[in-house]
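K.L.:
Contents are compact mmCIF, C-alpha atoms; file name data02.txt:
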```txt
# COMPACT_ATOMS: atom_id res chain seq x y z
CA MET L 1 86.04 194.27 114.19
CA ILE L 2 87.98 195.94 111.40
CA ASP L 3 90.99 193.98 110.21
CA THR L 4 94.46 195.47 110.54
CA LEU L 5 95.01 196.10 106.81
CA THR L 6 91.97 198.38 106.68
CA MET L 7 93.15 200.09 109.86
CA MET L 8 96.58 200.74 108.32
CA ILE L 9 95.07 202.16 105.12
CA LEU L 10 92.72 204.34 107.14
CA LEU L 11 95.71 205.56 109.15
CA GLY L 12 97.41 206.45 105.86
CA ALA L 13 94.33 208.43 104.82
CA PHE L 14 94.30 210.21 108.18
CA LEU L 15 98.00 211.14 107.95
CA PHE L 16 97.50 212.44 104.39
CA THR L 17 94.58 214.57 105.58
CA THR L 18 96.67 215.96 108.45
CA GLY L 19 99.40 216.89 105.97
CA VAL L 20 96.86 218.71 103.76
CA VAL L 21 95.44 220.58 106.76
CA ILE L 22 98.93 221.62 107.94
CA ILE L 23 99.87 222.91 104.48
CA VAL L 24 96.63 224.89 104.18
CA THR L 25 96.51 226.38 107.68
CA LYS L 26 100.05 226.93 108.95
CA LYS L 27 101.95 230.06 108.04
CA ASN L 28 105.56 228.97 108.52
CA ALA L 29 107.50 227.38 105.65
CA ILE L 30 109.09 224.77 107.92
CA MET L 31 105.66 223.64 109.10
CA MET L 32 104.63 223.25 105.45
CA LEU L 33 107.67 221.00 104.92
CA LEU L 34 106.52 218.92 107.93
CA GLY L 35 103.10 218.58 106.27
CA ILE L 36 104.67 217.34 103.03
CA GLU L 37 106.70 214.80 105.01
CA LEU L 38 103.51 213.55 106.68
CA MET L 39 101.88 213.04 103.28
CA LEU L 40 104.90 211.06 102.03
CA ASN L 41 104.76 208.92 105.18
CA ALA L 42 101.10 208.20 104.48
CA SER L 43 102.06 206.83 101.06
CA ASN L 44 104.77 204.70 102.71
CA ILE L 45 102.24 203.21 105.13
CA ASN L 46 100.01 202.29 102.18
CA LEU L 47 102.90 200.67 100.30
CA VAL L 48 104.03 198.57 103.27
CA ALA L 49 100.48 197.57 104.27
CA PHE L 50 99.58 196.38 100.78
CA ASN L 51 102.95 194.63 100.49
CA GLN L 52 101.97 192.54 103.51
CA SER L 53 99.01 191.04 101.67
CA HIS L 54 101.27 189.91 98.80
CA PRO L 55 104.13 188.26 100.71
CA ALA L 56 105.68 186.58 97.66
CA THR L 57 107.06 189.91 96.39
CA ILE L 58 108.61 192.81 98.25
CA ASP L 59 108.14 195.50 95.63
CA GLY L 60 106.10 197.60 98.07
CA GLN L 61 108.99 197.79 100.52
CA MET L 62 111.39 198.71 97.70
CA PHE L 63 109.10 201.54 96.65
CA ALA L 64 108.84 202.70 100.26
CA ILE L 65 112.64 202.88 100.52
CA PHE L 66 112.89 204.93 97.32
CA VAL L 67 110.13 207.25 98.55
CA ILE L 68 112.09 207.80 101.80
CA LEU L 69 115.24 208.68 99.83
CA VAL L 70 113.43 211.13 97.56
CA ALA L 71 111.83 212.71 100.64
CA VAL L 72 115.28 213.29 102.12
CA CYS L 73 116.43 215.10 98.97
CA GLU L 74 113.27 217.21 98.99
CA THR L 75 113.75 218.22 102.63
CA ALA L 76 117.40 219.15 102.13
CA ILE L 77 116.71 221.37 99.12
CA GLY L 78 113.58 222.83 100.69
CA LEU L 79 115.35 223.84 103.88
CA ALA L 80 118.28 225.26 101.92
CA LEU L 81 115.79 227.46 100.07
CA VAL L 82 114.10 228.45 103.34
CA LEU L 83 117.46 229.46 104.85
CA ARG L 84 118.34 231.46 101.73
CA VAL L 85 115.00 233.27 101.78
CA TYR L 86 115.44 233.95 105.50
CA GLN L 87 118.89 235.45 104.89
CA TYR L 88 117.44 237.80 102.32
CA TYR L 89 114.04 238.74 103.73
CA GLN L 90 114.58 238.04 107.48
CA THR L 91 111.40 235.99 107.59
CA SER L 92 110.30 232.43 106.91
CA VAL L 93 106.60 233.20 106.41
CA PRO L 94 105.71 232.79 102.72
CA ASP L 95 102.86 235.35 102.93
CA GLU L 96 105.33 238.14 103.72
CA LEU L 97 107.37 237.64 100.53
CA ASN L 98 105.42 240.14 98.46
CA GLU L 99 108.12 242.00 96.59
CA LEU L 100 106.73 241.11 93.17
CA LYS L 101 103.21 242.26 94.04
CA GLY L 102 102.29 245.39 92.10
CA MET E 1 93.33 188.81 119.61
CA ASN E 2 97.03 188.25 120.08
CA THR E 3 99.80 190.56 121.27
CA ALA E 4 100.91 191.69 117.80
CA VAL E 5 97.43 192.96 116.93
CA ILE E 6 97.20 194.83 120.25
CA ALA E 7 100.62 196.39 119.62
CA GLN E 8 99.55 197.34 116.10
CA TYR E 9 96.43 199.12 117.39
CA PHE E 10 98.53 200.87 120.06
CA PHE E 11 101.01 202.23 117.52
CA ILE E 12 98.23 203.21 115.10
CA THR E 13 96.75 205.26 117.96
CA THR E 14 100.06 206.95 118.84
CA THR E 15 100.71 207.79 115.18
CA ALA E 16 97.28 209.36 114.73
CA LEU E 17 97.48 211.29 118.02
CA SER E 18 100.96 212.68 117.34
CA ALA E 19 99.89 213.75 113.83
CA LEU E 20 96.95 215.54 115.43
CA ALA E 21 99.32 217.17 117.94
CA ILE E 22 101.41 218.57 115.06
CA VAL E 23 98.32 220.32 113.73
CA LEU E 24 97.37 221.72 117.13
CA SER E 25 100.80 222.78 118.42
CA LYS E 26 101.74 226.45 118.35
CA SER E 27 105.52 226.10 118.60
CA VAL E 28 107.43 224.81 115.57
CA PHE E 29 109.99 223.08 117.79
CA LYS E 30 107.31 221.11 119.66
CA ALA E 31 105.73 220.21 116.31
CA ALA E 32 109.08 218.77 115.20
CA LEU E 33 109.26 216.67 118.38
CA TRP E 34 105.71 215.37 117.82
CA PHE E 35 106.81 214.57 114.25
CA LEU E 36 109.64 212.47 115.74
CA LEU E 37 107.12 210.47 117.80
CA CYS E 38 105.01 210.02 114.66
CA LEU E 39 108.00 208.71 112.66
CA LEU E 40 109.05 206.26 115.38
CA SER E 41 105.49 204.91 115.69
CA ILE E 42 105.37 204.43 111.92
CA ALA E 43 108.67 202.53 112.12
CA ALA E 44 107.14 200.27 114.79
CA LEU E 45 104.16 199.67 112.50
CA PHE E 46 106.57 198.72 109.70
CA ILE E 47 108.25 196.17 111.97
CA LEU E 48 104.84 194.72 112.88
CA SER E 49 104.13 194.44 109.11
CA TYR E 50 107.30 192.34 108.58
CA ALA E 51 109.14 195.21 106.86
CA GLU E 52 112.22 195.38 109.07
CA PHE E 53 114.56 196.92 106.52
CA THR E 54 112.12 199.71 105.72
CA ALA E 55 111.68 200.36 109.45
CA ILE E 56 115.44 200.64 110.00
CA THR E 57 115.71 202.94 106.96
CA GLN E 58 112.87 205.04 108.36
CA ILE E 59 114.59 205.42 111.74
CA LEU E 60 118.05 206.08 110.31
CA ILE E 61 117.10 208.50 107.53
CA TYR E 62 113.90 210.14 108.78
CA ALA E 63 114.33 210.22 112.56
CA GLY E 64 118.10 210.62 112.29
CA GLY E 65 118.61 212.79 109.22
CA VAL E 66 115.49 214.70 108.24
CA LEU E 67 114.56 215.64 111.79
CA VAL E 68 118.05 217.01 112.50
CA ILE E 69 117.89 219.09 109.30
CA ILE E 70 114.47 220.43 110.32
CA LEU E 71 115.72 221.30 113.82
CA PHE E 72 118.69 223.14 112.23
CA GLY E 73 116.25 225.04 110.05
CA ILE E 74 114.17 226.03 113.08
CA MET E 75 117.25 227.25 114.95
CA PHE E 76 118.55 229.25 111.99
CA THR E 77 115.25 230.97 111.26
CA SER E 78 114.21 232.10 114.75
CA LYS E 79 114.92 235.76 115.32
CA LEU E 80 115.85 235.53 118.99
CA ALA E 81 117.69 232.45 120.16
CA ALA E 82 115.96 232.26 123.54
CA LYS E 83 112.39 232.64 122.29
CA PRO E 84 110.54 229.69 120.74
CA LEU E 85 109.53 230.08 117.11
CA LEU E 86 105.77 230.41 117.14
CA VAL E 87 103.56 229.80 114.15
CA GLU E 88 100.19 231.35 113.47
CA SER E 89 97.32 229.58 111.84
CA THR E 90 95.50 231.10 108.92
CA ASN E 91 92.80 229.88 106.55
CA LEU E 92 91.16 227.84 109.30
CA PHE E 93 87.89 227.49 107.42
CA GLY E 94 89.57 226.42 104.20
CA GLY E 95 91.75 223.97 106.09
CA ALA E 96 88.79 222.39 107.84
CA VAL E 97 86.86 222.06 104.58
CA ALA E 98 89.86 220.56 102.75
CA GLY E 99 90.53 218.14 105.62
CA ILE E 100 86.96 216.94 105.98
CA LEU E 101 86.55 216.49 102.22
CA THR E 102 89.85 214.60 101.80
CA LEU E 103 89.30 212.32 104.80
CA GLY E 104 85.68 211.66 103.86
CA LEU E 105 86.53 210.77 100.26
CA LEU E 106 89.48 208.54 101.15
CA ALA E 107 87.73 206.77 104.05
CA ASN E 108 84.63 206.17 101.93
CA LEU E 109 86.68 204.62 99.11
CA ILE E 110 88.76 202.51 101.53
CA VAL E 111 85.82 201.10 103.46
CA ASP E 112 83.97 200.33 100.23
CA ASN E 113 86.85 198.63 98.46
CA LEU E 114 88.72 196.74 101.19
CA LYS E 115 85.99 194.43 102.39
CA ASN E 116 87.29 191.02 101.37
CA THR E 117 90.99 190.96 102.11
CA THR E 118 92.97 188.18 103.69
CA SER E 119 95.71 188.91 106.15
CA VAL E 120 98.94 186.93 105.95
CA GLU E 121 100.75 185.60 108.96
CA ASN E 122 104.27 185.05 107.64
CA ALA E 123 106.49 186.82 105.15
CA PRO E 124 109.83 185.87 103.61
CA ARG E 125 113.04 187.26 105.02
CA ALA E 126 113.01 190.70 103.51
CA VAL E 127 116.55 191.99 104.03
CA GLU E 128 118.22 189.33 101.92
CA ALA E 129 115.62 189.65 99.17
CA ILE E 130 115.95 193.47 99.14
CA GLY E 131 119.72 193.18 98.71
CA ILE E 132 119.31 190.83 95.76
CA LEU E 133 116.57 192.95 94.17
CA LEU E 134 118.65 196.13 94.45
CA MET E 135 121.38 194.51 92.37
CA THR E 136 119.09 192.84 89.82
CA ASP E 137 115.66 194.32 89.10
CA TYR E 138 116.14 197.74 90.68
CA THR E 139 119.65 198.60 89.47
CA LEU E 140 118.55 201.59 87.38
CA PRO E 141 116.48 203.27 90.14
CA PHE E 142 119.33 202.57 92.56
CA GLU E 143 121.83 204.40 90.33
CA VAL E 144 119.37 207.22 89.63
CA ILE E 145 118.86 207.69 93.38
CA GLY E 146 122.64 207.89 93.78
CA VAL E 147 122.88 210.63 91.15
CA LEU E 148 119.89 212.42 92.74
CA LEU E 149 121.59 212.42 96.14
CA LEU E 150 124.78 213.84 94.59
CA VAL E 151 122.82 216.57 92.82
CA THR E 152 121.00 217.37 96.10
CA LEU E 153 124.30 217.61 97.96
CA VAL E 154 125.81 220.03 95.44
CA GLY E 155 122.56 221.99 95.02
CA ALA E 156 121.94 222.47 98.74
CA ALA E 157 125.54 223.54 99.27
CA VAL E 158 125.35 226.08 96.43
CA ILE E 159 121.94 227.46 97.47
CA SER E 160 122.79 227.95 101.13
CA ALA E 161 126.39 229.05 100.60
CA PHE E 162 127.27 232.05 102.68
CA MET E 163 127.14 235.26 100.70
CA LYS E 164 126.50 238.76 101.98
CA LEU E 165 123.06 239.33 100.53
CA LYS E 166 120.44 241.32 102.34
CA ARG E 167 117.45 243.35 101.28
CA GLN E 168 118.13 247.07 101.36
```
Could you write out this structure as structure tokens?
P.N.:
Amino acid sequence: MIDTLTMMILLGAFLFTTGVVIIVTKKNAIMMLLGIELMLNASNINLVAFNQSHPATIDGQMFAIFVILVAVCETAIGLALVLRVYQYYQTSVPDELNELKG
Amino acid sequence: MNTAVIAQYFFITTTALSALAIVLSKSVFKAALWFLLCLLSIAALFILSYAEFTAITQILIYAGGVLVIILFGIMFTSKLAAKPLLVESTNLFGGAVAGILTLGLLANLIVDNLKNTTSVENAPRAVEAIGILLMTDYTLPFEVIGVLLLVTLVGAAVISAFMKLKRQ
């Protein structure tokens, strides 16, 4: 029987992998943002799980809260950029933005 | 095996399955809804790990804020309002290779290095301690996060401000 800490860390690894796969395979910019969010959540799971094995301090939870706040900023700016690009090019697929290609 | 452990395994399963469903779903809107299930399961896992404040922050900010922003983005970038925004997959081979390599490396390292760990039954009351820490040890990051949020607010407003700008 695997203990729960190992299970949580393995879940973090799995979520990170899913984020990588989404970023590599999906074409839409919003889906790529979802992948980045999944990777940040994987780091949060690691922080909270390791914090549980050191109950005297709660630095892991503090770090998780700061990671969540930075992720919010990243999503807001990222979606603003996606909307701007969509206004200009009428598409949200990064592969179709090829104006600078010679 | 007590109830908490069973609940923890249940939520680990739902998190993993909803993350997998994001990868497999064709519609961006459905992917966002699976992402919501993933976030709520992670919040439940945080509560089971004695991190209540982080769980509440996760629900409020992620499930409440980020998901609504993403849904707005999906609605603004679909060409026809009635049709769902579909996404195509590309680079399937590269994605599979990157996924297998990343998961294999991480799982190998984790299983090798986490053999002798002790699990803890009780934790101190976290909310009170987080409040004290924010005002003592973590004052500088707290202020920096405040400035970052302000900059994000102004930046997002400026970037997405309505201007008539279209490719000829």
K.L.:
Neighbours of E:Leu103 within 12 Å (only C-alpha atoms; same-chain residues fewer than 5 positions away dropped), as an MDAnalysis selection string?
P.N.:
(chainID L and resid 9:21) or (chainID E and resid 95:98 108:111)
K.L.:
Should the cut-off be 7 Å, what would the residue list for chain L against chain E look like, counting all atoms listed in the file, as JSON, numbers by chain?
P.N.:
{"L": [6, 10, 11, 13, 14, 15, 17, 18, 20, 21, 22, 24, 25, 26, 27, 28, 31, 48, 49, 52, 53, 55, 61, 65, 72, 73, 75, 76, 77, 79, 80, 81, 83, 84, 86, 87, 88, 89, 92]}
K.L.:
For a test of reading the model, state the distance in Å between atom CA of L:Ile58 and atom CA of E:Glu128, rounded to one decimal.
P.N.:
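Pair atom CA of L:Ile58 / atom CA of E:Glu128 returns 10.9 Å.
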K.L.:
As an exercise, work out the distance from atom CA of L:Phe66 to atom CA of E:Lys30 in Å and give it to one decimal place.
P.N.:
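Going from atom CA of L:Phe66 over to atom CA of E:Lys30, I get 28.1 Å.
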K.L.:
Skipping near chain neighbours, those fewer than 3 positions away, what residues fall within 10 Å of L:Leu40 using all atoms listed in the file, listed as an mmCIF file with C-alpha atoms, in the frame of the given file?
P.N.:
```cif
data_model
loop_
_atom_site.group_PDB
_atom_site.id
_atom_site.type_symbol
_atom_site.label_atom_id
_atom_site.label_comp_id
_atom_site.auth_asym_id
_atom_site.auth_seq_id
_atom_site.Cartn_x
_atom_site.Cartn_y
_atom_site.Cartn_z
ATOM 1 C CA GLY L 12 97.410 206.450 105.860
ATOM 2 C CA LEU L 15 98.000 211.140 107.950
ATOM 3 C CA PHE L 16 97.500 212.440 104.390
ATOM 4 C CA GLY L 19 99.400 216.890 105.970
ATOM 5 C CA LEU L 34 106.520 218.920 107.930
ATOM 6 C CA GLY L 35 103.100 218.580 106.270
ATOM 7 C CA ILE L 36 104.670 217.340 103.030
ATOM 8 C CA GLU L 37 106.700 214.800 105.010
ATOM 9 C CA SER L 43 102.060 206.830 101.060
ATOM 10 C CA ASN L 44 104.770 204.700 102.710
ATOM 11 C CA ILE L 45 102.240 203.210 105.130
ATOM 12 C CA ALA L 64 108.840 202.700 100.260
ATOM 13 C CA VAL L 67 110.130 207.250 98.550
ATOM 14 C CA ILE L 68 112.090 207.800 101.800
ATOM 15 C CA VAL L 70 113.430 211.130 97.560
ATOM 16 C CA ALA L 71 111.830 212.710 100.640
#
```
K.L.:
So the first atom is atom CA of L:Phe50 and the second is atom CA of L:Phe63; what is the distance between them in Å, to one decimal place?
P.N.:
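Computed distance, atom CA of L:Phe50 to atom CA of L:Phe63, equals 11.6 Å.
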K.L.:
Return the padded bounding box of stretch 133-144 of chain E as lines of an AutoDock Vina configuration file: axis-aligned, built from all atoms listed in the file, 6 Å added on each side, with centre and edge lengths in Å to one decimal.
P.N.:
```
center_x = 118.7
center_y = 200.0
center_z = 90.9
size_x = 18.2
size_y = 26.4
size_z = 19.1
```
K.L.:
Closest to E:Ala4 among E:Gly131, E:Met75, E:Leu48, E:Thr139, using only C-alpha atoms?
P.N.:
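Once distances to E:Ala4 are computed over only C-alpha atoms, the minimum belongs to E:Leu48.
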